[in-house]
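I have placed the structure first, in the form of structure tokens, so that the comments after it can refer back to it.
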Amino acid sequence: MAEEREKKIAAFLEKAGWGRAARAPLAGDASTRAYERLSGPEGRAVLMNAPAGPDGPPLEGARKAYSAIAHLAEDCRPFVAVGEHLRALGLSAPRLLAHDMKAGLLLLEDLGDDLYGKAIETGKAGDGTPLDALYRAAIDALLLLHQAGTPAALPLPDGSAYEVPSYDEAALAIETELLTDWYIPVKKGAALAAEEKDIYRGLWKKLFPETQCGAPVLVLRDYHSPNLLWLGEREGPARAGMLDYQDAQAGSRTYDLVSLLQDARKDVPEAREEEMLAYYIEKARAGEADFDETAFRAAYAVLGAQRNAKIMGIFVRLWRRDGKPGYLAHLPRVSAYLERDLRHPVLSEMKAWLDTHVPAALRKEILQAE
């Protein structure tokens, strides 16, 4: 199977005019996608190797797989469609140099190595730009994206269209169950009773309407340091290079801000989070007469709690199911973000439920790989 795939990749690169390029693997993510940097006479580019993957088995008590309920991309069409949309808005998604969408192979513009994660560690970008400027550029990019509204469908190079799914309550809800299915049983040493899970689901059902602060926008879903690059030679919002957006959906404008300002991979001090939230709010209020800061902050807290609950479950699952214990190092950070979110009054009932079943002291305990 691997040999067949390699032949397909070689043929794709040859047809695209990159057959002589040297190939070197690039760090990937928790998905099945793989990336390589190409370099040679043609310059530099990035190969995305993303073969289509079928849905997994239906979840217990459901007729669909997790990926279908959460609207996760299962081929590269969403990446292409969303990327072209972002570029049309003047944002810095990588240019599409060549594609074979049926085979799951894309050749992309190489946006470089100046990742936001490096800047967070050093306090500045590779060109010396202070970290706060990087955050503001990333927020400016979101503001531009949010002002553009929500496209119902996005065109593809083959003439077809990709229909943007809605980040609906079913998708939000199935993600929250990662906490009860994976994280809490490990912390407690026992699975939750079915009736307690039902109470948990009911609390989220009451909370989800709070996330609707204004019209839906295109939510990129993983808008954080591993997926953002500093492009200091460009101007304005285009200085924030974007890498990961194939799971984009129509949802709340606060979600990508949570991804950025409660970064699962890097520490964001609460003071910086508040400063950058205030920056977004100031810009949004200046352009929207009906901007409601109270509703916005409530939505931010709810989706912060939702996202962090999901990530805490995913990181434990990556350890226990997939044999990737390295993700446990991020759990204390994500748990601390959740504590910030739970301070908002809108989450008082959720906080009480969590305090009963996995108390704050237990949430702070560090999990060690077995």
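Each chain of the structure tokens is named A, B, ... in the order shown, its residues numbered from 1; ligands are numbered from 1 in display order.
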Contacts of stretch 124-141 of chain A within 6 Å, only C-alpha atoms, excl. fewer than 3 positions in-chain, as an mmCIF file with N, CA and C atoms, in the first residue's frame:
data_model
loop_
_atom_site.group_PDB
_atom_site.id
_atom_site.type_symbol
_atom_site.label_atom_id
_atom_site.label_comp_id
_atom_site.auth_asym_id
_atom_site.auth_seq_id
_atom_site.Cartn_x
_atom_site.Cartn_y
_atom_site.Cartn_z
ATOM 1 N N ALA A 119 7.453 32.428 18.085
ATOM 2 C CA ALA A 119 7.374 33.805 18.563
ATOM 3 C C ALA A 119 6.843 33.868 19.995
ATOM 4 N N LEU A 144 -11.517 40.669 9.368
ATOM 5 C CA LEU A 144 -11.793 40.735 7.929
ATOM 6 C C LEU A 144 -12.653 39.540 7.499
ATOM 7 N N PRO A 237 -3.648 42.338 7.636
ATOM 8 C CA PRO A 237 -4.063 40.978 8.036
ATOM 9 C C PRO A 237 -3.323 39.880 7.283
ATOM 10 N N ALA A 240 -0.544 37.373 8.742
ATOM 11 C CA ALA A 240 -0.836 36.133 9.471
ATOM 12 C C ALA A 240 -1.096 35.019 8.460
#
Sorted per-residue table, stretch 18-90 of chain A near stretch 242-252 of chain A, closest atoms and distance, 9 Å, only C-alpha atoms, as CSV:
residue,atom,partner,partner_atom,distance
A:His71,CA,A:Asp247,CA,7.2
A:Leu72,CA,A:Asp247,CA,5.3
A:Ala73,CA,A:Asp247,CA,5.4
A:Asp75,CA,A:Gln246,CA,8.8
A:Cys76,CA,A:Gln246,CA,7.3
A:Arg77,CA,A:Gln246,CA,8.0
A:Pro78,CA,A:Gln246,CA,5.1
A:Phe79,CA,A:Gln246,CA,4.1
A:Val80,CA,A:Gln246,CA,7.8
A:Ala81,CA,A:Gln246,CA,8.5
A:Val82,CA,A:Gln246,CA,6.9
A:Gly83,CA,A:Tyr245,CA,7.4
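Secondary structure of stretch 13-125 of chain A, alpha helix (DSSP H) only (DSSP, backbone atoms): Leu13, Glu14, Lys15, Ala16, Tyr66, Ser67, Ala68, Ile69, Arg77, Pro78, Phe79, Val80, Ala81, Val82, Gly83, Glu84, His85, Leu86, Arg87, Ala88, Tyr116, Gly117, Lys118, Ala119, Ile120, Glu121 and Thr122 of chain A.
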May I have the residues within 12 Å of A:Thr211 as an mmCIF file with C-alpha atoms, in the first residue's frame, using only C-alpha atoms and disregarding those fewer than 3 positions away in the same chain?
data_model
loop_
_atom_site.group_PDB
_atom_site.id
_atom_site.type_symbol
_atom_site.label_atom_id
_atom_site.label_comp_id
_atom_site.auth_asym_id
_atom_site.auth_seq_id
_atom_site.Cartn_x
_atom_site.Cartn_y
_atom_site.Cartn_z
ATOM 1 C CA TYR A 167 -21.124 24.177 13.321
ATOM 2 C CA ASP A 168 -24.458 23.113 14.733
ATOM 3 C CA GLU A 169 -25.468 21.916 18.190
ATOM 4 C CA LEU A 172 -20.726 21.016 19.403
ATOM 5 C CA TRP A 204 -24.626 21.945 27.338
ATOM 6 C CA LYS A 205 -27.953 22.023 25.512
ATOM 7 C CA LYS A 206 -28.929 24.992 27.690
ATOM 8 C CA LEU A 207 -25.600 26.702 27.001
ATOM 9 C CA PHE A 208 -25.326 26.392 23.230
ATOM 10 C CA GLY A 214 -24.467 37.887 15.834
ATOM 11 C CA ALA A 215 -24.668 36.304 12.389
ATOM 12 C CA PRO A 216 -22.674 33.123 11.743
ATOM 13 C CA GLY A 251 -20.532 29.228 13.450
ATOM 14 C CA SER A 252 -19.857 31.736 16.207
ATOM 15 C CA ARG A 253 -17.376 34.552 15.713
ATOM 16 C CA THR A 254 -15.863 33.825 19.131
ATOM 17 C CA TYR A 255 -14.628 30.304 18.361
ATOM 18 C CA THR A 294 -22.038 41.206 26.984
ATOM 19 C CA ALA A 295 -23.364 38.561 24.596
ATOM 20 C CA PHE A 296 -19.958 38.308 22.951
ATOM 21 C CA ARG A 297 -18.155 37.620 26.234
ATOM 22 C CA ALA A 298 -20.736 35.026 27.266
ATOM 23 C CA ALA A 299 -20.335 33.257 23.913
ATOM 24 C CA TYR A 300 -16.555 33.388 24.273
ATOM 25 C CA ALA A 301 -16.725 31.751 27.724
ATOM 26 C CA VAL A 302 -19.124 29.012 26.616
ATOM 27 C CA LEU A 303 -17.114 28.121 23.516
ATOM 28 C CA GLY A 304 -13.911 28.355 25.515
ATOM 29 C CA ALA A 305 -15.290 25.755 27.920
ATOM 30 C CA GLN A 306 -16.629 23.659 25.037
ATOM 31 C CA VAL A 346 -23.185 31.775 32.390
#
Fill in: A:Tyr35 surroundings by only C-alpha atoms, 10 Å radius, close-in-sequence under 6 positions cut, as a PyMOL selection string
chain A and resi 23-29+46-50+106-107
Keeping N, CA, C and O atoms for every residue in the selection just given, could you write it to a file as a PDB file, in the first residue's frame?
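Resulting contents of result06.pdb:
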ATOM      1  N   ARG A  23      12.832  16.061  -1.299  1.00  0.00           N
ATOM      2  CA  ARG A  23      11.671  16.001  -0.396  1.00  0.00           C
ATOM      3  C   ARG A  23      12.133  15.760   1.031  1.00  0.00           C
ATOM      4  O   ARG A  23      12.987  14.908   1.287  1.00  0.00           O
ATOM      5  N   ALA A  24      11.568  16.531   1.953  1.00  0.00           N
ATOM      6  CA  ALA A  24      11.900  16.375   3.370  1.00  0.00           C
ATOM      7  C   ALA A  24      10.617  16.471   4.173  1.00  0.00           C
ATOM      8  O   ALA A  24       9.791  17.360   3.936  1.00  0.00           O
ATOM      9  N   PRO A  25      10.406  15.558   5.130  1.00  0.00           N
ATOM     10  CA  PRO A  25       9.152  15.589   5.904  1.00  0.00           C
ATOM     11  C   PRO A  25       9.047  16.837   6.767  1.00  0.00           C
ATOM     12  O   PRO A  25      10.042  17.343   7.284  1.00  0.00           O
ATOM     13  N   LEU A  26       7.822  17.334   6.906  1.00  0.00           N
ATOM     14  CA  LEU A  26       7.519  18.449   7.804  1.00  0.00           C
ATOM     15  C   LEU A  26       6.693  17.913   8.970  1.00  0.00           C
ATOM     16  O   LEU A  26       5.960  16.935   8.826  1.00  0.00           O
ATOM     17  N   ALA A  27       6.805  18.578  10.093  1.00  0.00           N
ATOM     18  CA  ALA A  27       6.021  18.162  11.266  1.00  0.00           C
ATOM     19  C   ALA A  27       4.550  18.241  10.924  1.00  0.00           C
ATOM     20  O   ALA A  27       4.070  19.233  10.360  1.00  0.00           O
ATOM     21  N   GLY A  28       3.810  17.198  11.289  1.00  0.00           N
ATOM     22  CA  GLY A  28       2.380  17.158  11.025  1.00  0.00           C
ATOM     23  C   GLY A  28       1.584  17.491  12.263  1.00  0.00           C
ATOM     24  O   GLY A  28       2.052  18.171  13.170  1.00  0.00           O
ATOM     25  N   ASP A  29       0.341  17.003  12.305  1.00  0.00           N
ATOM     26  CA  ASP A  29      -0.536  17.258  13.437  1.00  0.00           C
ATOM     27  C   ASP A  29      -1.103  15.927  13.912  1.00  0.00           C
ATOM     28  O   ASP A  29      -0.543  14.875  13.635  1.00  0.00           O
ATOM     29  N   VAL A  46       5.223  22.937  -0.735  1.00  0.00           N
ATOM     30  CA  VAL A  46       4.823  21.954   0.273  1.00  0.00           C
ATOM     31  C   VAL A  46       3.874  20.965  -0.375  1.00  0.00           C
ATOM     32  O   VAL A  46       2.909  21.351  -1.047  1.00  0.00           O
ATOM     33  N   LEU A  47       4.153  19.689  -0.164  1.00  0.00           N
ATOM     34  CA  LEU A  47       3.262  18.625  -0.612  1.00  0.00           C
ATOM     35  C   LEU A  47       2.360  18.233   0.548  1.00  0.00           C
ATOM     36  O   LEU A  47       2.840  17.904   1.631  1.00  0.00           O
ATOM     37  N   MET A  48       1.038  18.280   0.340  1.00  0.00           N
ATOM     38  CA  MET A  48       0.085  17.743   1.310  1.00  0.00           C
ATOM     39  C   MET A  48      -0.389  16.390   0.800  1.00  0.00           C
ATOM     40  O   MET A  48      -0.924  16.288  -0.309  1.00  0.00           O
ATOM     41  N   ASN A  49      -0.163  15.385   1.602  1.00  0.00           N
ATOM     42  CA  ASN A  49      -0.572  14.026   1.280  1.00  0.00           C
ATOM     43  C   ASN A  49      -1.759  13.688   2.177  1.00  0.00           C
ATOM     44  O   ASN A  49      -1.601  13.398   3.358  1.00  0.00           O
ATOM     45  N   ALA A  50      -2.959  13.776   1.615  1.00  0.00           N
ATOM     46  CA  ALA A  50      -4.181  13.636   2.417  1.00  0.00           C
ATOM     47  C   ALA A  50      -5.184  12.736   1.709  1.00  0.00           C
ATOM     48  O   ALA A  50      -6.203  13.202   1.186  1.00  0.00           O
ATOM     49  N   LEU A 106      -1.992  17.596  -2.894  1.00  0.00           N
ATOM     50  CA  LEU A 106      -1.974  19.023  -3.186  1.00  0.00           C
ATOM     51  C   LEU A 106      -0.537  19.525  -3.128  1.00  0.00           C
ATOM     52  O   LEU A 106       0.237  19.122  -2.259  1.00  0.00           O
ATOM     53  N   LEU A 107      -0.192  20.399  -4.058  1.00  0.00           N
ATOM     54  CA  LEU A 107       1.090  21.090  -4.025  1.00  0.00           C
ATOM     55  C   LEU A 107       0.805  22.552  -3.694  1.00  0.00           C
ATOM     56  O   LEU A 107       0.027  23.216  -4.393  1.00  0.00           O
TER      57      LEU A 107
END
